[in-house]
$ cat model_34.tsv   # TSV, C-alpha atoms and all ligand atoms
chain	number	residue	atom	x	y	z
A	63	MET	CA	-14.93	-1.33	23.86
A	64	GLN	CA	-11.72	-1.72	25.84
A	65	THR	CA	-12.78	-5.27	26.66
A	66	MET	CA	-13.06	-6.41	23.06
A	67	ALA	CA	-10.85	-9.42	22.47
A	68	LEU	CA	-7.89	-9.03	20.13
A	69	SER	CA	-9.39	-11.75	17.94
A	70	GLU	CA	-12.58	-9.70	17.48
A	71	VAL	CA	-10.69	-6.55	16.50
A	72	LEU	CA	-8.41	-8.44	14.11
A	73	GLU	CA	-11.35	-10.27	12.50
A	74	ARG	CA	-13.14	-6.96	12.05
A	75	GLU	CA	-10.09	-5.68	10.16
A	76	HIS	CA	-10.30	-8.76	7.89
A	77	ARG	CA	-13.93	-7.94	7.07
A	78	ASP	CA	-13.19	-4.23	6.49
A	79	ILE	CA	-10.32	-5.07	4.12
A	80	ASP	CA	-12.42	-7.62	2.17
A	81	GLY	CA	-15.26	-5.10	2.02
A	82	GLY	CA	-13.08	-2.39	0.48
A	83	ILE	CA	-11.77	-4.68	-2.26
A	84	GLU	CA	-15.30	-5.96	-2.99
A	85	GLU	CA	-16.66	-2.41	-3.11
A	86	TYR	CA	-14.02	-1.33	-5.62
A	87	SER	CA	-14.53	-4.44	-7.76
A	88	ALA	CA	-18.32	-4.05	-7.76
A	89	GLY	CA	-17.92	-0.38	-8.69
A	90	LEU	CA	-15.85	-1.33	-11.73
A	91	THR	CA	-18.79	-3.40	-12.98
A	92	HIS	CA	-20.82	-0.19	-13.13
A	93	GLY	CA	-18.05	1.86	-14.67
A	94	ASP	CA	-17.04	3.47	-11.37
A	95	THR	CA	-13.23	3.60	-11.43
A	96	ASP	CA	-12.75	5.40	-8.09
A	97	THR	CA	-9.84	3.58	-6.47
A	98	THR	CA	-10.40	4.99	-2.96
A	99	PRO	CA	-11.96	1.83	-1.44
A	100	LEU	CA	-9.24	-0.38	-2.90
A	101	LEU	CA	-6.36	1.87	-1.83
A	102	ARG	CA	-7.84	2.16	1.67
A	103	ALA	CA	-8.20	-1.62	1.88
A	104	MET	CA	-4.64	-2.23	0.69
A	105	ASN	CA	-3.23	0.32	3.15
A	106	GLY	CA	-5.25	-1.41	5.85
A	107	LEU	CA	-3.97	-4.83	4.81
A	108	ARG	CA	-0.34	-3.71	4.80
A	109	ARG	CA	-0.74	-2.27	8.29
A	110	HIS	CA	-2.56	-5.41	9.42
A	111	ILE	CA	0.28	-7.63	8.17
A	112	TYR	CA	2.81	-5.31	9.83
A	113	LEU	CA	1.16	-5.49	13.22
A	114	GLU	CA	0.74	-9.27	13.03
A	115	GLU	CA	4.38	-9.81	12.10
A	116	GLU	CA	5.83	-7.27	14.55
A	117	PHE	CA	3.50	-7.38	17.56
A	118	LEU	CA	1.57	-10.66	17.50
A	119	PHE	CA	3.48	-13.48	15.82
A	120	PRO	CA	6.69	-13.25	17.90
A	121	HIS	CA	4.68	-14.04	21.05
A	122	LEU	CA	2.97	-16.99	19.39
A	123	LYS	CA	6.22	-18.36	17.97
A	124	ASN	CA	7.63	-18.38	21.48
A	125	ALA	CA	4.52	-20.23	22.67
A	126	GLY	CA	5.21	-23.19	20.35
A	127	LEU	CA	3.30	-22.14	17.23
A	128	ALA	CA	6.36	-21.75	15.00
A	129	MET	CA	5.04	-24.01	12.24
A	130	PRO	CA	1.62	-22.39	11.70
A	131	ILE	CA	3.26	-18.95	12.00
A	132	PHE	CA	5.71	-19.92	9.27
A	133	VAL	CA	2.75	-20.71	6.99
A	134	MET	CA	1.05	-17.40	7.87
A	135	MET	CA	4.25	-15.46	7.10
A	136	ARG	CA	4.64	-17.17	3.73
A	137	GLU	CA	1.05	-16.31	2.85
A	138	HIS	CA	1.62	-12.69	3.93
A	139	GLY	CA	4.42	-12.60	1.35
A	140	GLU	CA	1.98	-13.78	-1.33
A	141	LEU	CA	-0.61	-11.18	-0.26
A	142	TRP	CA	2.04	-8.45	-0.35
A	143	ASP	CA	3.10	-9.50	-3.84
A	144	ALA	CA	-0.55	-9.56	-5.01
A	145	MET	CA	-0.99	-5.98	-3.75
A	146	GLU	CA	2.12	-4.83	-5.58
A	147	THR	CA	0.76	-6.43	-8.75
A	148	LEU	CA	-2.47	-4.47	-8.27
A	149	ASP	CA	-0.52	-1.24	-7.71
A	150	THR	CA	1.29	-1.83	-10.98
A	151	LEU	CA	-1.96	-2.55	-12.85
A	152	LEU	CA	-3.49	0.67	-11.47
A	153	ALA	CA	-0.43	2.69	-12.44
A	154	ASP	CA	-0.57	1.23	-15.96
A	155	ASN	CA	-4.28	2.08	-16.34
A	156	THR	CA	-5.02	-1.56	-17.07
A	157	ASP	CA	-8.43	-2.61	-18.40
A	158	THR	CA	-11.33	-3.32	-16.06
A	159	GLY	CA	-11.40	-7.10	-16.64
A	160	THR	CA	-7.76	-7.49	-15.66
A	161	LEU	CA	-8.23	-5.34	-12.57
A	162	GLN	CA	-11.26	-7.35	-11.53
A	163	SER	CA	-9.48	-10.65	-11.91
A	164	ALA	CA	-6.54	-9.30	-9.86
A	165	CYS	CA	-9.05	-8.28	-7.16
A	166	ARG	CA	-10.63	-11.75	-7.26
A	167	GLU	CA	-7.20	-13.31	-6.88
A	168	LEU	CA	-6.37	-11.12	-3.88
A	169	LEU	CA	-9.75	-11.92	-2.28
A	170	ALA	CA	-9.19	-15.66	-2.82
A	171	LYS	CA	-5.75	-15.46	-1.19
A	172	LEU	CA	-7.26	-13.53	1.72
A	173	ASP	CA	-10.02	-16.08	2.14
A	174	ASN	CA	-7.52	-18.92	2.17
A	175	HIS	CA	-5.32	-17.09	4.71
A	176	ASN	CA	-8.03	-15.77	7.02
A	177	SER	CA	-9.91	-19.06	7.11
A	178	LYS	CA	-6.86	-20.57	8.85
A	179	GLU	CA	-5.73	-17.54	10.82
A	180	GLU	CA	-9.11	-16.93	12.47
A	181	PRO	CA	-9.70	-20.43	13.92
A	182	ILE	CA	-6.07	-21.43	14.56
A	183	ILE	CA	-4.03	-18.30	15.33
A	184	TYR	CA	-6.37	-15.68	16.79
A	185	PRO	CA	-7.80	-17.76	19.66
A	186	GLN	CA	-4.18	-18.22	20.79
A	187	ALA	CA	-3.67	-14.44	20.64
A	188	ASP	CA	-6.42	-14.06	23.22
A	189	THR	CA	-4.79	-16.51	25.62
A	190	VAL	CA	-1.01	-16.33	25.03
A	191	LEU	CA	-0.40	-12.56	25.16
A	192	ASP	CA	-0.06	-11.14	28.66
A	193	ASP	CA	-1.88	-7.96	29.67
A	194	ALA	CA	0.96	-5.64	28.68
A	195	ALA	CA	1.35	-7.19	25.22
A	196	THR	CA	-2.42	-7.20	24.71
A	197	GLU	CA	-2.66	-3.53	25.65
A	198	LYS	CA	0.23	-2.64	23.34
A	199	LEU	CA	-1.47	-4.37	20.42
A	200	HIS	CA	-4.82	-2.73	21.21
A	201	ASP	CA	-3.09	0.67	21.27
A	202	TYR	CA	-1.47	-0.06	17.96
A	203	LEU	CA	-4.77	-1.22	16.43
A	204	ASN	CA	-6.33	2.06	17.52
A	205	THR	CA	-3.68	4.54	16.49
A	206	GLY	CA	-0.54	2.91	15.11
A	207	ARG	CA	0.95	3.51	11.71
A	208	MET	CA	3.16	1.26	9.68
A	209	PRO	CA	6.68	2.74	9.41
A	210	HIS	CA	7.35	4.16	5.97
A	211	GLY	CA	9.09	1.65	3.75
A	212	TRP	CA	8.36	-1.38	5.96
A	213	ARG	CA	8.07	-4.58	3.93
A	214	CYS	CA	6.64	-7.93	4.78
A	215	GLU	CA	9.49	-10.34	5.50
A	216	LYS	CA	8.55	-12.87	2.83
A	217	ALA	CA	7.48	-10.52	0.02
A	218	THR	CA	9.33	-11.46	-3.14
A	219	SER	CA	8.49	-8.76	-5.65
A	220	VAL	CA	10.78	-5.77	-6.01
A	221	THR	CA	9.47	-2.23	-5.68
A	222	ALA	CA	10.61	0.41	-8.12
B	301	FE	FE	-4.97	-11.26	9.89
B	302	FE	FE	-2.26	-12.66	8.64

$ encode --input "model_34.tsv" --output "structure tokens"
Amino acid sequence: MQTMALSEVLEREHRDIDGGIEEYSAGLTHGDTDTTPLLRAMNGLRRHIYLEEEFLFPHLKNAGLAMPIFVMMREHGELWDAMETLDTLLADNTDTGTLQSACRELLAKLDNHNSKEEPIIYPQADTVLDDAATEKLHDYLNTGRMPHGWRCEKATSVTA
């Protein structure tokens, strides 16, 4: 598995994150309010955004992709805000319909983001990063944790 391209591993994370949100939302339809799949997906998404912003995007910015990276960072801010909205709804024990529409909104934002990131950004990750940077990102994908309190650069909402 060592030879898996970064793009493959990152795209697999996208699918896992989507899958967790979909699983939670589908569960709600049947009265299952277990938040585990959603919380796991949101933790995964926060870590995913962290590693892109800290370990991947700086290399791509330096390689001339500043404009598309700017768009990706702005969208990360919107995703981060959407997750904080969901956290608030969960804490407030909001009704199922509101939770489901918040999940749909997050999934739509993810679809919009990933449908650009996968064809435009990730192929560059496979070619621009040198061996050392690629290995560092693989290591992080395998075992790394997001530092406590880290926030996406363009998140706008304020945590309590
Ligand atoms: Fe991504
Ligand atoms: Fe991203």

$ atom_distance --input "model_34.tsv" --atom1 "atom CA of Leu172 of chain A" --atom2 "atom CA of Thr196 of chain A"
24.3 Å

$ residues_around --input "model_34.tsv" --residues "segment 92-99 of chain A" --least-positions-apart "3" --cutoff "12 Å" --atoms "only C-alpha atoms" --output "mmCIF file with C-alpha atoms, keeping the file's coordinate frame"
data_model
loop_
_atom_site.group_PDB
_atom_site.id
_atom_site.type_symbol
_atom_site.label_atom_id
_atom_site.label_comp_id
_atom_site.auth_asym_id
_atom_site.auth_seq_id
_atom_site.Cartn_x
_atom_site.Cartn_y
_atom_site.Cartn_z
ATOM 1 C CA ASP A 78 -13.190 -4.230 6.490
ATOM 2 C CA ILE A 79 -10.320 -5.070 4.120
ATOM 3 C CA ASP A 80 -12.420 -7.620 2.170
ATOM 4 C CA GLY A 81 -15.260 -5.100 2.020
ATOM 5 C CA GLY A 82 -13.080 -2.390 0.480
ATOM 6 C CA ILE A 83 -11.770 -4.680 -2.260
ATOM 7 C CA GLU A 84 -15.300 -5.960 -2.990
ATOM 8 C CA GLU A 85 -16.660 -2.410 -3.110
ATOM 9 C CA TYR A 86 -14.020 -1.330 -5.620
ATOM 10 C CA SER A 87 -14.530 -4.440 -7.760
ATOM 11 C CA ALA A 88 -18.320 -4.050 -7.760
ATOM 12 C CA GLY A 89 -17.920 -0.380 -8.690
ATOM 13 C CA ARG A 102 -7.840 2.160 1.670
ATOM 14 C CA ALA A 103 -8.200 -1.620 1.880
ATOM 15 C CA MET A 104 -4.640 -2.230 0.690
ATOM 16 C CA ASN A 105 -3.230 0.320 3.150
ATOM 17 C CA GLY A 106 -5.250 -1.410 5.850
ATOM 18 C CA LEU A 148 -2.470 -4.470 -8.270
ATOM 19 C CA ASP A 149 -0.520 -1.240 -7.710
ATOM 20 C CA LEU A 151 -1.960 -2.550 -12.850
ATOM 21 C CA LEU A 152 -3.490 0.670 -11.470
ATOM 22 C CA ALA A 153 -0.430 2.690 -12.440
ATOM 23 C CA ASN A 155 -4.280 2.080 -16.340
ATOM 24 C CA THR A 156 -5.020 -1.560 -17.070
ATOM 25 C CA ASP A 157 -8.430 -2.610 -18.400
ATOM 26 C CA THR A 158 -11.330 -3.320 -16.060
ATOM 27 C CA GLY A 159 -11.400 -7.100 -16.640
ATOM 28 C CA LEU A 161 -8.230 -5.340 -12.570
ATOM 29 C CA GLN A 162 -11.260 -7.350 -11.530
ATOM 30 C CA CYS A 165 -9.050 -8.280 -7.160
#

$ atom_distance --input "model_34.tsv" --atom1 "atom CA of Pro130 of chain A" --atom2 "atom CA of Val190 of chain A"
14.9 Å

$ residues_near_ligand --input "model_34.tsv" --ligand "ligand FE 301 (chain B)" --cutoff "7 Å" --atoms "all atoms listed in the file" --output "ChimeraX atom specification"
/A:72-73,76,110-111,114,176,179

$ residues_near_point --input "model_34.tsv" --point "(7.2, -8.4, 8.3)" --cutoff "10 Å" --atoms "all atoms listed in the file" --output "PyMOL selection string"
chain A and resi 108+111-116+119+135+138-139+212-217

$ residues_around --input "model_34.tsv" --residues "Thr65 of chain A" --least-positions-apart "2" --cutoff "12 Å" --atoms "only C-alpha atoms" --output "list in words"
Met63, Ala67, Leu68, Ser69, Glu70, Val71, Asp188, Asp193, Thr196, Glu197 and His200 of chain A

$ closest_residue --input "model_34.tsv" --among "A:Arg109, A:His210, A:His175, A:Arg166" --to "ligand FE 302 (chain B)" --atoms "all atoms listed in the file"
A:His175

$ atom_distance --input "model_34.tsv" --atom1 "atom CA of Glu180 of chain A" --atom2 "atom CA of Leu101 of chain A"
23.8 Å

$ closest_residue --input "model_34.tsv" --among "A:Pro120, A:Arg74, A:Ala128, A:Ile183" --to "ligand FE 302 (chain B)" --atoms "all atoms listed in the file"
A:Ile183

$ closest_residue --input "model_34.tsv" --among "A:Thr218, A:Thr150, A:Ser163, A:Asn174" --to "ligand FE 302 (chain B)" --atoms "all atoms listed in the file"
A:Asn174

$ closest_residue --input "model_34.tsv" --among "A:Phe117, A:Met66, A:Leu127, A:Leu168" --to "Glu140 of chain A" --atoms "only C-alpha atoms"
A:Leu168

$ axis_aligned_box --input "model_34.tsv" --around "segment 150-155 of chain A" --padding-each-side "3 Å" --output "lines of an AutoDock Vina configuration file"
center_x = -1.5
center_y = 0.1
center_z = -13.7
size_x = 11.6
size_y = 11.2
size_z = 11.4

$ build_atoms --input "model_34.tsv" --residues "segment 137-163 of chain A" --atoms "N, CA, C and O atoms" --output "short mmCIF file (atom, residue, chain, number, x, y, z; two decimals), keeping the file's coordinate frame"
data_model
loop_
_atom_site.label_atom_id
_atom_site.label_comp_id
_atom_site.auth_asym_id
_atom_site.auth_seq_id
_atom_site.Cartn_x
_atom_site.Cartn_y
_atom_site.Cartn_z
N GLU A 137 2.26 -16.82 3.53
CA GLU A 137 1.05 -16.31 2.85
C GLU A 137 1.02 -14.78 2.86
O GLU A 137 0.54 -14.16 1.90
N HIS A 138 1.52 -14.16 3.93
CA HIS A 138 1.62 -12.69 3.93
C HIS A 138 2.47 -12.22 2.75
O HIS A 138 2.17 -11.22 2.11
N GLY A 139 3.56 -12.95 2.49
CA GLY A 139 4.42 -12.60 1.35
C GLY A 139 3.64 -12.63 0.05
O GLY A 139 3.78 -11.75 -0.80
N GLU A 140 2.78 -13.66 -0.10
CA GLU A 140 1.98 -13.78 -1.33
C GLU A 140 0.94 -12.65 -1.42
O GLU A 140 0.68 -12.11 -2.50
N LEU A 141 0.36 -12.29 -0.27
CA LEU A 141 -0.61 -11.18 -0.26
C LEU A 141 0.09 -9.88 -0.64
O LEU A 141 -0.45 -9.06 -1.39
N TRP A 142 1.27 -9.68 -0.08
CA TRP A 142 2.04 -8.45 -0.35
C TRP A 142 2.35 -8.35 -1.84
O TRP A 142 2.18 -7.29 -2.46
N ASP A 143 2.78 -9.48 -2.40
CA ASP A 143 3.10 -9.50 -3.84
C ASP A 143 1.84 -9.20 -4.68
O ASP A 143 1.91 -8.47 -5.67
N ALA A 144 0.71 -9.78 -4.27
CA ALA A 144 -0.55 -9.56 -5.01
C ALA A 144 -0.94 -8.08 -4.96
O ALA A 144 -1.45 -7.53 -5.95
N MET A 145 -0.68 -7.42 -3.84
CA MET A 145 -0.99 -5.98 -3.75
C MET A 145 -0.06 -5.17 -4.65
O MET A 145 -0.48 -4.19 -5.27
N GLU A 146 1.20 -5.58 -4.72
CA GLU A 146 2.12 -4.83 -5.58
C GLU A 146 1.75 -5.02 -7.06
O GLU A 146 1.89 -4.09 -7.86
N THR A 147 1.25 -6.21 -7.39
CA THR A 147 0.76 -6.43 -8.75
C THR A 147 -0.40 -5.49 -9.04
O THR A 147 -0.46 -4.84 -10.10
N LEU A 148 -1.33 -5.38 -8.09
CA LEU A 148 -2.47 -4.47 -8.27
C LEU A 148 -2.02 -3.02 -8.42
O LEU A 148 -2.54 -2.28 -9.26
N ASP A 149 -1.05 -2.61 -7.59
CA ASP A 149 -0.52 -1.24 -7.71
C ASP A 149 0.02 -0.98 -9.11
O ASP A 149 -0.20 0.09 -9.69
N THR A 150 0.72 -1.97 -9.64
CA THR A 150 1.29 -1.83 -10.98
C THR A 150 0.18 -1.73 -12.03
O THR A 150 0.23 -0.89 -12.93
N LEU A 151 -0.84 -2.59 -11.90
CA LEU A 151 -1.96 -2.55 -12.85
C LEU A 151 -2.65 -1.20 -12.81
O LEU A 151 -3.01 -0.64 -13.85
N LEU A 152 -2.84 -0.64 -11.60
CA LEU A 152 -3.49 0.67 -11.47
C LEU A 152 -2.63 1.74 -12.14
O LEU A 152 -3.14 2.60 -12.86
N ALA A 153 -1.33 1.68 -11.88
CA ALA A 153 -0.43 2.69 -12.44
C ALA A 153 -0.40 2.62 -13.97
O ALA A 153 -0.21 3.63 -14.65
N ASP A 154 -0.61 1.42 -14.50
CA ASP A 154 -0.57 1.23 -15.96
C ASP A 154 -1.94 1.47 -16.62
O ASP A 154 -2.08 1.22 -17.82
N ASN A 155 -2.93 1.87 -15.80
CA ASN A 155 -4.28 2.08 -16.34
C ASN A 155 -4.82 0.85 -17.07
O ASN A 155 -5.37 0.94 -18.17
N THR A 156 -4.63 -0.30 -16.45
CA THR A 156 -5.02 -1.56 -17.07
C THR A 156 -6.55 -1.64 -17.23
O THR A 156 -7.28 -0.97 -16.51
N ASP A 157 -6.99 -2.50 -18.14
CA ASP A 157 -8.43 -2.61 -18.40
C ASP A 157 -9.18 -3.21 -17.21
O ASP A 157 -8.60 -3.90 -16.36
N THR A 158 -10.48 -2.94 -17.18
CA THR A 158 -11.33 -3.32 -16.06
C THR A 158 -11.30 -4.82 -15.78
O THR A 158 -11.24 -5.24 -14.63
N GLY A 159 -11.36 -5.64 -16.83
CA GLY A 159 -11.40 -7.10 -16.64
C GLY A 159 -10.15 -7.60 -15.93
O GLY A 159 -10.24 -8.44 -15.02
N THR A 160 -9.01 -7.07 -16.30
CA THR A 160 -7.76 -7.49 -15.66
C THR A 160 -7.72 -7.05 -14.20
O THR A 160 -7.29 -7.80 -13.31
N LEU A 161 -8.19 -5.82 -13.95
CA LEU A 161 -8.23 -5.34 -12.57
C LEU A 161 -9.16 -6.19 -11.72
O LEU A 161 -8.85 -6.54 -10.58
N GLN A 162 -10.31 -6.54 -12.30
CA GLN A 162 -11.26 -7.35 -11.53
C GLN A 162 -10.71 -8.74 -11.24
O GLN A 162 -10.90 -9.26 -10.15
N SER A 163 -10.00 -9.32 -12.20
CA SER A 163 -9.48 -10.65 -11.91
C SER A 163 -8.34 -10.56 -10.89
O SER A 163 -8.19 -11.45 -10.06
#
